[in-house]
file input_16.cif (mmCIF, C-alpha atoms)
data_data
#
loop_
_atom_site.group_PDB
_atom_site.id
_atom_site.type_symbol
_atom_site.label_atom_id
_atom_site.label_comp_id
_atom_site.auth_asym_id
_atom_site.auth_seq_id
_atom_site.Cartn_x
_atom_site.Cartn_y
_atom_site.Cartn_z
ATOM 1 C CA MET A 1 7.176 85.978 100.829
ATOM 2 C CA THR A 2 6.402 83.248 98.285
ATOM 3 C CA GLN A 3 7.501 79.636 98.692
ATOM 4 C CA GLN A 4 9.677 80.013 95.587
ATOM 5 C CA THR A 5 11.481 83.004 97.141
ATOM 6 C CA ALA A 6 12.056 81.083 100.372
ATOM 7 C CA GLN A 7 13.399 78.034 98.503
ATOM 8 C CA HIS A 8 15.742 80.235 96.441
ATOM 9 C CA ALA A 9 17.053 81.894 99.619
ATOM 10 C CA GLN A 10 17.585 78.471 101.215
ATOM 11 C CA ARG A 11 19.594 77.252 98.214
ATOM 12 C CA GLU A 12 21.739 80.389 98.354
ATOM 13 C CA ALA A 13 22.226 79.899 102.099
ATOM 14 C CA HIS A 14 23.558 76.358 101.613
ATOM 15 C CA ARG A 15 25.937 77.589 98.892
ATOM 16 C CA TRP A 16 27.272 80.298 101.196
ATOM 17 C CA ARG A 17 27.678 77.833 104.074
ATOM 18 C CA SER A 18 29.560 75.391 101.852
ATOM 19 C CA LEU A 19 31.872 78.108 100.519
ATOM 20 C CA LEU A 20 32.637 79.657 103.919
ATOM 21 C CA ASP A 21 33.459 76.243 105.403
ATOM 22 C CA SER A 22 35.527 75.107 102.419
ATOM 23 C CA GLY A 23 38.691 77.092 103.170
ATOM 24 C CA CYS A 24 38.484 78.598 99.664
ATOM 25 C CA ALA A 25 36.608 81.782 100.621
ATOM 26 C CA THR A 26 38.416 85.044 99.914
ATOM 27 C CA ALA A 27 38.074 88.330 101.808
ATOM 28 C CA ASP A 28 35.853 89.555 98.989
ATOM 29 C CA ASP A 29 33.667 86.444 99.352
ATOM 30 C CA ARG A 30 33.184 87.130 103.059
ATOM 31 C CA PHE A 31 32.326 90.764 102.402
ATOM 32 C CA ARG A 32 29.717 89.766 99.799
ATOM 33 C CA PHE A 33 28.297 87.182 102.211
ATOM 34 C CA GLN A 34 27.884 89.763 104.985
ATOM 35 C CA LYS A 35 26.134 92.050 102.512
ATOM 36 C CA TRP A 36 23.813 89.205 101.382
ATOM 37 C CA TYR A 37 23.098 88.133 104.979
ATOM 38 C CA ALA A 38 22.151 91.672 106.042
ATOM 39 C CA GLN A 39 20.026 92.296 102.963
ATOM 40 C CA SER A 40 16.836 90.786 104.448
ATOM 41 C CA ASP A 41 15.416 88.722 107.295
ATOM 42 C CA THR A 42 14.666 86.010 104.720
ATOM 43 C CA HIS A 43 18.382 85.642 103.952
ATOM 44 C CA ALA A 44 19.377 85.699 107.623
ATOM 45 C CA GLN A 45 16.785 83.101 108.618
ATOM 46 C CA ALA A 46 17.660 80.855 105.669
ATOM 47 C CA PHE A 47 21.362 80.873 106.561
ATOM 48 C CA ASP A 48 20.640 80.236 110.257
ATOM 49 C CA ARG A 49 18.517 77.219 109.262
ATOM 50 C CA ALA A 50 21.257 75.949 106.951
ATOM 51 C CA GLN A 51 23.871 76.359 109.663
ATOM 52 C CA SER A 52 21.659 74.553 112.186
ATOM 53 C CA THR A 53 21.070 71.660 109.782
ATOM 54 C CA TRP A 54 24.761 71.194 109.068
ATOM 55 C CA ASN A 55 25.673 71.556 112.742
ATOM 56 C CA THR A 56 23.318 68.639 113.397
ATOM 57 C CA LEU A 57 24.991 66.585 110.680
ATOM 58 C CA GLY A 58 28.375 67.507 112.080
ATOM 59 C CA ASP A 59 27.469 65.943 115.445
ATOM 60 C CA LEU A 60 26.794 62.578 113.795
ATOM 61 C CA PRO A 61 29.448 59.861 113.418
ATOM 62 C CA ARG A 62 31.507 60.641 110.314
ATOM 63 C CA ASP A 63 30.688 57.284 108.725
ATOM 64 C CA ALA A 64 26.962 57.950 109.137
ATOM 65 C CA ILE A 65 26.974 60.646 106.464
ATOM 66 C CA ASP A 66 28.073 60.593 102.855
ATOM 67 C CA PRO A 67 31.479 62.408 102.733
ATOM 68 C CA ALA A 68 30.301 64.245 99.591
ATOM 69 C CA LEU A 69 27.967 66.329 101.744
ATOM 70 C CA PHE A 70 30.946 67.975 103.454
ATOM 71 C CA LYS A 71 32.791 68.911 100.280
ATOM 72 C CA PRO A 72 32.556 72.372 98.667
ATOM 73 C CA SER A 73 30.777 72.336 95.332
ATOM 74 C CA LEU A 74 32.788 71.892 92.139
ATOM 75 C CA TRP A 75 32.086 75.467 91.106
ATOM 76 C CA GLU A 76 33.350 76.826 94.441
ATOM 77 C CA SER A 77 36.580 74.810 94.243
ATOM 78 C CA THR A 78 37.128 75.698 90.557
ATOM 79 C CA ARG A 79 36.441 79.400 91.106
ATOM 80 C CA ALA A 80 38.825 79.548 94.052
ATOM 81 C CA GLY A 81 41.515 77.727 92.062
ATOM 82 C CA LEU A 82 41.124 80.053 89.079
ATOM 83 C CA TYR A 83 41.241 83.059 91.399
ATOM 84 C CA ARG A 84 44.582 81.908 92.858
ATOM 85 C CA TRP A 85 45.933 81.069 89.388
ATOM 86 C CA LEU A 86 44.998 84.478 87.955
ATOM 87 C CA ARG A 87 46.638 86.276 90.891
ATOM 88 C CA THR A 88 49.819 84.288 90.302
ATOM 89 C CA SER A 89 49.779 84.646 86.524
ATOM 90 C CA SER A 90 49.256 88.412 86.771
ATOM 91 C CA ARG A 91 52.813 88.666 88.100
ATOM 92 C CA GLN A 92 54.206 86.518 85.271
ATOM 93 C CA PRO A 93 54.626 87.206 81.538
ATOM 94 C CA ALA A 94 51.297 87.077 79.707
ATOM 95 C CA LEU A 95 50.136 83.609 78.708
ATOM 96 C CA SER A 96 49.574 82.855 75.069
ATOM 97 C CA LEU A 97 46.026 82.802 73.780
ATOM 98 C CA ALA A 98 46.403 79.104 73.036
ATOM 99 C CA SER A 99 47.376 78.342 76.660
ATOM 100 C CA ALA A 100 44.425 80.297 78.010
ATOM 101 C CA PHE A 101 42.051 78.561 75.621
ATOM 102 C CA ALA A 102 43.424 75.130 76.593
ATOM 103 C CA LEU A 103 42.895 75.954 80.259
ATOM 104 C CA LEU A 104 39.261 76.931 79.673
ATOM 105 C CA VAL A 105 38.619 73.754 77.651
ATOM 106 C CA GLY A 106 40.145 71.652 80.433
ATOM 107 C CA VAL A 107 37.938 73.297 83.089
ATOM 108 C CA PHE A 108 34.831 72.753 80.934
ATOM 109 C CA VAL A 109 35.628 69.043 80.403
ATOM 110 C CA TRP A 110 36.283 68.609 84.133
ATOM 111 C CA TRP A 111 32.968 70.318 84.942
ATOM 112 C CA GLN A 112 31.005 68.087 82.561
ATOM 113 C CA ALA A 113 32.682 64.866 83.750
ATOM 114 C CA THR A 114 32.276 65.457 87.505
ATOM 115 C CA PRO A 115 28.875 64.766 89.170
ATOM 116 C CA GLN A 116 27.375 67.898 90.698
ATOM 117 C CA ILE A 117 26.450 68.000 94.373
ATOM 118 C CA GLN A 118 22.779 68.805 94.787
ATOM 119 C CA GLU A 119 21.203 70.950 97.460
ATOM 120 C CA PRO A 120 18.813 69.345 99.974
ATOM 121 C CA THR A 121 15.147 69.749 99.105
ATOM 122 C CA GLN A 122 12.952 71.227 101.832
ATOM 123 C CA HIS A 123 9.478 69.914 102.678
ATOM 124 C CA THR A 124 7.210 71.547 105.260
ATOM 125 C CA THR A 125 3.596 71.256 106.392
ATOM 126 C CA GLN A 126 1.355 73.827 108.014
ATOM 127 C CA THR A 127 -0.731 73.550 111.181
ATOM 128 C CA GLY A 128 -3.279 70.746 110.703
ATOM 129 C CA GLU A 129 -1.820 69.674 107.334
ATOM 130 C CA ILE A 130 -0.789 66.086 106.532
ATOM 131 C CA ARG A 131 0.988 65.514 103.221
ATOM 132 C CA ALA A 132 2.430 62.468 101.409
ATOM 133 C CA ILE A 133 5.583 62.862 99.298
ATOM 134 C CA THR A 134 6.880 60.280 96.785
ATOM 135 C CA PHE A 135 10.521 60.430 95.697
ATOM 136 C CA ASP A 136 12.064 59.249 92.428
ATOM 137 C CA ASP A 137 13.416 56.052 93.999
ATOM 138 C CA GLY A 138 9.926 54.933 95.077
ATOM 139 C CA THR A 139 10.317 55.944 98.730
ATOM 140 C CA THR A 140 7.293 57.681 100.236
ATOM 141 C CA VAL A 141 7.207 59.931 103.284
ATOM 142 C CA THR A 142 4.054 61.107 105.003
ATOM 143 C CA LEU A 143 4.632 64.336 106.935
ATOM 144 C CA GLY A 144 2.485 65.142 109.940
ATOM 145 C CA ALA A 145 1.168 68.598 110.756
ATOM 146 C CA ASP A 146 3.654 71.451 111.319
ATOM 147 C CA SER A 147 6.684 69.326 110.386
ATOM 148 C CA ARG A 148 9.969 70.141 108.648
ATOM 149 C CA LEU A 149 11.972 67.667 106.566
ATOM 150 C CA SER A 150 14.963 68.092 104.252
ATOM 151 C CA ILE A 151 16.358 65.333 102.045
ATOM 152 C CA LEU A 152 19.405 64.920 99.828
ATOM 153 C CA TYR A 153 20.217 61.992 97.528
ATOM 154 C CA THR A 154 23.812 61.277 96.464
ATOM 155 C CA ASP A 155 25.403 58.318 94.692
ATOM 156 C CA GLY A 156 26.271 56.710 98.038
ATOM 157 C CA VAL A 157 23.459 57.532 100.461
ATOM 158 C CA ARG A 158 19.962 58.940 100.844
ATOM 159 C CA GLN A 159 20.150 61.449 103.703
ATOM 160 C CA ALA A 160 17.090 63.014 105.371
ATOM 161 C CA THR A 161 16.857 65.409 108.311
ATOM 162 C CA LEU A 162 13.660 65.693 110.346
ATOM 163 C CA ASN A 163 14.086 68.973 112.193
ATOM 164 C CA LEU A 164 10.747 68.851 113.993
ATOM 165 C CA GLY A 165 7.426 67.045 113.788
ATOM 166 C CA ASP A 166 6.132 63.656 112.640
ATOM 167 C CA ALA A 167 7.085 61.565 109.628
ATOM 168 C CA PHE A 168 6.264 58.054 108.481
ATOM 169 C CA PHE A 169 8.808 56.564 106.071
ATOM 170 C CA ASP A 170 8.144 53.730 103.620
ATOM 171 C CA VAL A 171 11.641 53.257 102.229
ATOM 172 C CA TYR A 172 12.240 51.476 98.932
ATOM 173 C CA SER A 173 15.228 49.126 99.056
ATOM 174 C CA GLU A 174 17.587 49.801 96.151
ATOM 175 C CA GLY A 175 21.112 49.358 97.508
ATOM 176 C CA ARG A 176 21.870 52.766 99.002
ATOM 177 C CA PRO A 177 21.266 53.151 102.740
ATOM 178 C CA PHE A 178 18.577 55.578 103.836
ATOM 179 C CA LYS A 179 19.488 57.681 106.891
ATOM 180 C CA VAL A 180 17.340 60.058 108.917
ATOM 181 C CA ALA A 181 18.970 62.537 111.294
ATOM 182 C CA THR A 182 17.148 64.300 114.131
ATOM 183 C CA ASN A 183 18.452 66.435 116.975
ATOM 184 C CA ALA A 184 18.815 63.301 119.138
ATOM 185 C CA ALA A 185 19.728 60.341 116.910
ATOM 186 C CA THR A 186 20.383 58.878 113.464
ATOM 187 C CA ILE A 187 18.148 56.150 112.031
ATOM 188 C CA GLN A 188 19.509 53.943 109.233
ATOM 189 C CA VAL A 189 17.654 51.450 107.023
ATOM 190 C CA THR A 190 17.847 49.873 103.579
ATOM 191 C CA GLY A 191 14.152 49.199 103.076
ATOM 192 C CA THR A 192 11.427 49.245 105.716
ATOM 193 C CA SER A 193 8.500 51.208 107.179
ATOM 194 C CA PHE A 194 8.850 53.224 110.366
ATOM 195 C CA GLY A 195 7.608 56.338 112.101
ATOM 196 C CA ILE A 196 9.555 59.154 113.778
ATOM 197 C CA SER A 197 8.338 61.893 116.093
ATOM 198 C CA ALA A 198 10.987 64.587 116.619
ATOM 199 C CA TYR A 199 10.554 66.900 119.596
ATOM 200 C CA ASP A 200 12.879 69.637 120.857
ATOM 201 C CA SER A 201 14.465 67.417 123.518
ATOM 202 C CA HIS A 202 14.050 63.855 122.195
ATOM 203 C CA THR A 203 13.004 61.615 119.313
ATOM 204 C CA ARG A 204 10.621 58.639 119.328
ATOM 205 C CA ILE A 205 11.152 55.883 116.719
ATOM 206 C CA ALA A 206 8.738 52.996 116.033
ATOM 207 C CA VAL A 207 9.087 50.276 113.372
ATOM 208 C CA ALA A 208 6.091 48.943 111.444
ATOM 209 C CA GLU A 209 7.927 46.596 109.027
ATOM 210 C CA GLY A 210 11.517 45.443 108.634
ATOM 211 C CA SER A 211 14.219 46.758 110.950
ATOM 212 C CA VAL A 212 16.269 49.892 111.614
ATOM 213 C CA SER A 213 19.411 50.867 113.522
ATOM 214 C CA VAL A 214 19.152 53.802 115.918
ATOM 215 C CA VAL A 215 22.474 55.539 116.620
ATOM 216 C CA ARG A 216 23.076 58.061 119.400
ATOM 217 C CA ALA A 217 26.748 58.915 120.018
ATOM 218 C CA ALA A 218 28.385 55.527 120.725
ATOM 219 C CA GLU A 219 25.083 53.744 121.429
ATOM 220 C CA VAL A 220 23.442 51.607 118.758
ATOM 221 C CA VAL A 221 20.073 49.865 119.101
ATOM 222 C CA ALA A 222 18.514 47.532 116.523
ATOM 223 C CA LEU A 223 14.722 47.784 116.297
ATOM 224 C CA GLU A 224 12.521 45.114 114.752
ATOM 225 C CA ALA A 225 8.901 45.437 113.616
ATOM 226 C CA GLY A 226 6.623 46.186 116.571
ATOM 227 C CA GLN A 227 9.354 47.838 118.658
ATOM 228 C CA THR A 228 9.936 51.441 119.727
ATOM 229 C CA VAL A 229 12.655 53.441 121.477
ATOM 230 C CA VAL A 230 13.103 57.034 122.611
ATOM 231 C CA ALA A 231 16.385 58.850 121.927
ATOM 232 C CA HIS A 232 17.162 61.562 124.455
ATOM 233 C CA ALA A 233 20.036 64.035 124.280
ATOM 234 C CA THR A 234 22.156 61.878 126.618
ATOM 235 C CA ARG A 235 20.797 58.343 126.307
ATOM 236 C CA LEU A 236 18.543 55.820 124.591
ATOM 237 C CA SER A 237 15.568 54.420 126.470
ATOM 238 C CA GLU A 238 14.832 50.739 126.839
ATOM 239 C CA VAL A 239 13.279 49.101 123.787
ATOM 240 C CA GLN A 240 9.550 48.535 124.226
ATOM 241 C CA SER A 241 6.844 46.832 122.203
ATOM 242 C CA VAL A 242 4.269 48.844 120.273
ATOM 243 C CA GLU A 243 1.117 47.759 118.474
ATOM 244 C CA SER A 244 1.021 48.365 114.730
ATOM 245 C CA HIS A 245 -2.104 50.561 114.897
ATOM 246 C CA GLN A 246 -0.325 52.910 117.306
ATOM 247 C CA ILE A 247 2.582 53.645 114.949
ATOM 248 C CA SER A 248 1.987 57.039 113.342
ATOM 249 C CA ALA A 249 -1.732 56.792 114.055
ATOM 250 C CA TRP A 250 -2.014 60.483 113.153
ATOM 251 C CA ARG A 251 -2.108 59.365 109.492
ATOM 252 C CA THR A 252 -5.659 58.085 110.080
ATOM 253 C CA GLY A 253 -6.843 61.109 112.044
ATOM 254 C CA ARG A 254 -6.116 59.801 115.543
ATOM 255 C CA LEU A 255 -3.443 60.552 118.128
ATOM 256 C CA ARG A 256 -2.681 57.457 120.233
ATOM 257 C CA TYR A 257 -0.471 57.354 123.328
ATOM 258 C CA LYS A 258 0.727 54.673 125.718
ATOM 259 C CA GLY A 259 2.778 56.027 128.611
ATOM 260 C CA ALA A 260 3.632 59.281 126.809
ATOM 261 C CA THR A 261 4.150 62.489 128.746
ATOM 262 C CA LEU A 262 1.511 65.189 128.790
ATOM 263 C CA GLY A 263 4.176 67.467 127.318
ATOM 264 C CA GLU A 264 4.390 65.213 124.242
ATOM 265 C CA VAL A 265 0.616 65.100 123.918
ATOM 266 C CA VAL A 266 0.350 68.889 124.048
ATOM 267 C CA ALA A 267 3.247 69.348 121.595
ATOM 268 C CA ASP A 268 1.444 67.070 119.130
ATOM 269 C CA ALA A 269 -1.924 68.754 119.694
ATOM 270 C CA ASN A 270 -0.436 72.179 118.987
ATOM 271 C CA ARG A 271 0.385 71.011 115.459
ATOM 272 C CA TYR A 272 -3.338 70.696 114.782
ATOM 273 C CA LEU A 273 -4.876 73.535 116.816
ATOM 274 C CA GLU A 274 -5.080 77.149 115.661
ATOM 275 C CA GLN A 275 -4.701 78.363 119.265
ATOM 276 C CA SER A 276 -1.862 76.705 121.133
ATOM 277 C CA ILE A 277 -1.909 75.086 124.564
ATOM 278 C CA ARG A 278 0.694 75.940 127.218
ATOM 279 C CA ILE A 279 1.798 74.006 130.296
ATOM 280 C CA VAL A 280 3.079 76.230 133.085
ATOM 281 C CA ASP A 281 4.517 73.589 135.416
ATOM 282 C CA PRO A 282 7.267 71.053 134.455
ATOM 283 C CA SER A 283 5.788 68.480 136.844
ATOM 284 C CA VAL A 284 2.509 68.686 134.894
ATOM 285 C CA ALA A 285 4.338 68.223 131.584
ATOM 286 C CA ALA A 286 5.908 65.030 132.976
ATOM 287 C CA LEU A 287 2.569 63.367 133.817
ATOM 288 C CA LYS A 288 2.038 60.077 131.950
ATOM 289 C CA VAL A 289 -0.835 59.703 129.490
ATOM 290 C CA THR A 290 -2.399 56.625 127.919
ATOM 291 C CA ALA A 291 -5.221 57.759 125.691
ATOM 292 C CA SER A 292 -6.547 58.130 122.145
ATOM 293 C CA PHE A 293 -7.918 61.315 120.582
ATOM 294 C CA GLU A 294 -9.745 62.125 117.381
ATOM 295 C CA VAL A 295 -7.858 64.956 115.635
ATOM 296 C CA GLU A 296 -11.190 66.580 114.761
ATOM 297 C CA GLU A 297 -12.233 66.523 118.446
ATOM 298 C CA LEU A 298 -8.955 67.374 120.128
ATOM 299 C CA LYS A 299 -10.189 70.079 122.486
ATOM 300 C CA PRO A 300 -12.966 68.104 124.199
ATOM 301 C CA GLY A 301 -10.758 65.016 124.215
ATOM 302 C CA LEU A 302 -7.943 66.847 125.972
ATOM 303 C CA GLN A 303 -10.338 68.432 128.439
ATOM 304 C CA ASN A 304 -11.395 64.959 129.518
ATOM 305 C CA LEU A 305 -7.854 64.417 130.823
ATOM 306 C CA SER A 306 -8.752 66.653 133.770
ATOM 307 C CA HIS A 307 -10.991 63.790 135.014
ATOM 308 C CA VAL A 308 -8.036 61.391 135.345
ATOM 309 C CA LEU A 309 -5.050 63.719 135.898
ATOM 310 C CA PRO A 310 -4.487 66.382 138.605
ATOM 311 C CA ILE A 311 -4.772 69.250 136.115
ATOM 312 C CA ARG A 312 -7.205 71.947 135.074
ATOM 313 C CA PHE A 313 -7.629 73.900 131.848
ATOM 314 C CA VAL A 314 -7.970 77.682 131.824
ATOM 315 C CA GLU A 315 -8.935 79.473 128.612
ATOM 316 C CA ARG A 316 -7.036 82.668 127.800
ATOM 317 C CA SER A 317 -7.253 85.003 124.831
ATOM 318 C CA SER A 318 -4.108 83.423 123.359
ATOM 319 C CA GLY A 319 -5.286 79.838 123.957
ATOM 320 C CA TRP A 320 -5.531 77.283 126.748
ATOM 321 C CA VAL A 321 -3.203 77.081 129.735
ATOM 322 C CA ILE A 322 -2.868 73.875 131.780
ATOM 323 C CA TYR A 323 -2.264 74.330 135.504
ATOM 324 C CA PRO A 324 -1.775 71.861 138.352
ATOM 325 C CA ASP A 325 -5.111 71.147 140.011
ATOM 326 C CA SER A 326 -3.689 72.444 143.301
ATOM 327 C CA LEU A 327 -3.405 76.030 141.996
#
call {"tool": "encode", "arguments": {"input": "input_16.cif", "output": "structure tokens"}}
result
Amino acid sequence: MTQQTAQHAQREAHRWRSLLDSGCATADDRFRFQKWYAQSDTHAQAFDRAQSTWNTLGDLPRDAIDPALFKPSLWESTRAGLYRWLRTSSRQPALSLASAFALLVGVFVWWQATPQIQEPTQHTTQTGEIRAITFDDGTTVTLGADSRLSILYTDGVRQATLNLGDAFFDVYSEGRPFKVATNAATIQVTGTSFGISAYDSHTRIAVAEGSVSVVRAAEVVALEAGQTVVAHATRLSEVQSVESHQISAWRTGRLRYKGATLGEVVADANRYLEQSIRIVDPSVAALKVTASFEVEELKPGLQNLSHVLPIRFVERSSGWVIYPDSL
């Protein structure tokens, strides 16, 4: 499957999601959607990703997201309206040619005058890949290895979603707020530099320049330069200080940690290693780590942790497994 095919499927998936949630979908629309969804695994996976992304947005405070993102597209609304009109008019005397022509002209003018809602653009990196992306407004985002980001610009807001992985944002201030959603929090800025690490269960945010607001449910924390916080599914941690060289250090080929869990360290390492590492005991994953590793020398660096932590590494055919030292 080519990247172009995947992107096309993702755009179709977002159109289907918007139509099905709009209240304008007909029985025929739903039948055609089921046929499209079952056509291939690519379609099914694209729609599941789209649904997951919009479910995440739906959990955010309503005022944290541009209302335009929740509206069906102009074409979907127009098509549904024309469909209802044609069904009604089919039971009435035939319209004159002039009336039909006037209706079509009116729809065309409306279409040209109304701004079109764009689909989010998807950006991904592979294992071990780090990539910088520059957007039209001057904002740059550096994606860490094995990361997934989507972004959508509207007239009122710049909305990004970091589904998983690392990203460092250097946001250009131009009036519109810039918001980043993860599975645990929403981060809002107007112009600043900050790093985000999104894991399955939590998100870590650290500010290099300027300030950001971190929102989780009803909690709001303001972070200044040199501060960091962790957003969990049920709470925000205490704000702590962080040195500038530690923020998104992966951009320079190093992974730096101060009081991180071994689970976080391993999750990050797996984005750079061809063979993954597994932890078999939750108590081992919770061990605290303060260390620095060269990305190019991750394996020997991680092995050295067995000298300071009660763990041991066992090599399997599928990769390393970390066990408690007592086993």
call {"tool": "resolve_selection", "arguments": {"input": "input_16.cif", "expression": "the PyMOL selection byres ((chain A and resi 151) around 7)", "output": "list in words"}}
result
Pro120, Thr121, Gln122, Leu149, Ser150, Leu152, Tyr153, Gln159, Ala160 and Thr161 of chain A
call {"tool": "residues_around", "arguments": {"input": "input_16.cif", "residues": "Ala222 (chain A)", "least_positions_apart": "2", "cutoff": "9 Å", "atoms": "only C-alpha atoms", "output": "MDAnalysis selection string"}}
result
chainID A and resid 211:215 220 224
call {"tool": "write_last_selection", "arguments": {"input": "input_16.cif", "atoms": "C-alpha atoms", "output": "compact mmCIF listing (two decimals), in the frame of the given file"}}
result
# COMPACT_ATOMS: atom_id res chain seq x y z
CA SER A 211 14.22 46.76 110.95
CA VAL A 212 16.27 49.89 111.61
CA SER A 213 19.41 50.87 113.52
CA VAL A 214 19.15 53.80 115.92
CA VAL A 215 22.47 55.54 116.62
CA VAL A 220 23.44 51.61 118.76
CA GLU A 224 12.52 45.11 114.75
call {"tool": "resolve_selection", "arguments": {"input": "input_16.cif", "expression": "the PyMOL selection byres ((chain A and resi 8) around 12)", "output": "JSON, numbers by chain"}}
result
{"A": [1, 2, 3, 4, 5, 6, 7, 9, 10, 11, 12, 13, 14, 15, 42, 43, 46, 47, 119, 120, 121, 122]}
call {"tool": "atom_distance", "arguments": {"input": "input_16.cif", "atom1": "CA of Ser283 (chain A)", "atom2": "CA of Pro324 (chain A)"}}
result
8.4 Å
call {"tool": "residues_near_point", "arguments": {"input": "input_16.cif", "point": "(15.1, 60.9, 128.2)", "cutoff": "12 Å", "atoms": "all atoms listed in the file", "output": "PDB file with C-alpha atoms, in the frame of the given file"}}
result
ATOM      1  CA  ALA A 184      18.815  63.301 119.138  1.00  0.00           C
ATOM      2  CA  TYR A 199      10.554  66.900 119.596  1.00  0.00           C
ATOM      3  CA  ASP A 200      12.879  69.637 120.857  1.00  0.00           C
ATOM      4  CA  SER A 201      14.465  67.417 123.518  1.00  0.00           C
ATOM      5  CA  HIS A 202      14.050  63.855 122.195  1.00  0.00           C
ATOM      6  CA  THR A 203      13.004  61.615 119.313  1.00  0.00           C
ATOM      7  CA  ARG A 204      10.621  58.639 119.328  1.00  0.00           C
ATOM      8  CA  VAL A 229      12.655  53.441 121.477  1.00  0.00           C
ATOM      9  CA  VAL A 230      13.103  57.034 122.611  1.00  0.00           C
ATOM     10  CA  ALA A 231      16.385  58.850 121.927  1.00  0.00           C
ATOM     11  CA  HIS A 232      17.162  61.562 124.455  1.00  0.00           C
ATOM     12  CA  ALA A 233      20.036  64.035 124.280  1.00  0.00           C
ATOM     13  CA  THR A 234      22.156  61.878 126.618  1.00  0.00           C
ATOM     14  CA  ARG A 235      20.797  58.343 126.307  1.00  0.00           C
ATOM     15  CA  LEU A 236      18.543  55.820 124.591  1.00  0.00           C
ATOM     16  CA  SER A 237      15.568  54.420 126.470  1.00  0.00           C
ATOM     17  CA  GLU A 238      14.832  50.739 126.839  1.00  0.00           C
ATOM     18  CA  ALA A 260       3.632  59.281 126.809  1.00  0.00           C
ATOM     19  CA  THR A 261       4.150  62.489 128.746  1.00  0.00           C
ATOM     20  CA  ALA A 286       5.908  65.030 132.976  1.00  0.00           C
TER      21      ALA A 286
END
call {"tool": "resolve_selection", "arguments": {"input": "input_16.cif", "expression": "the PyMOL selection byres ((chain A and resi 303) around 12)", "output": "number ranges by chain"}}
result
A: 266, 277, 293, 297-302, 304-315, 320-322
call {"tool": "atom_distance", "arguments": {"input": "input_16.cif", "atom1": "CA of Asp137 (chain A)", "atom2": "CA of Asn163 (chain A)"}}
result
22.3 Å
call {"tool": "residues_around", "arguments": {"input": "input_16.cif", "residues": "region 243-254 of chain A", "least_positions_apart": "5", "cutoff": "6 Å", "atoms": "all atoms listed in the file", "output": "VMD selection string"}}
result
chain A and resid 195 293 to 295
call {"tool": "closest_residue", "arguments": {"input": "input_16.cif", "among": "A:Arg176, A:Arg131, A:Lys258, A:Lys35", "to": "Lys288 (chain A)", "atoms": "only C-alpha atoms"}}
result
A:Lys258
call {"tool": "residues_near_point", "arguments": {"input": "input_16.cif", "point": "(5.2, 66.4, 105.9)", "cutoff": "6 Å", "atoms": "only C-alpha atoms", "output": "PyMOL selection string"}}
result
chain A and resi 124-125+131+142-144+147
call {"tool": "atom_distance", "arguments": {"input": "input_16.cif", "atom1": "CA of Phe194 (chain A)", "atom2": "CA of Gly226 (chain A)"}}
result
9.6 Å
call {"tool": "closest_residue", "arguments": {"input": "input_16.cif", "among": "A:Gly259, A:Gly210, A:Ile205, A:Gly128", "to": "Val239 (chain A)", "atoms": "all atoms listed in the file"}}
result
A:Ile205
call {"tool": "closest_residue", "arguments": {"input": "input_16.cif", "among": "A:Phe135, A:Thr192, A:Asp48, A:Ala198", "to": "Leu162 (chain A)", "atoms": "all atoms listed in the file"}}
result
A:Ala198
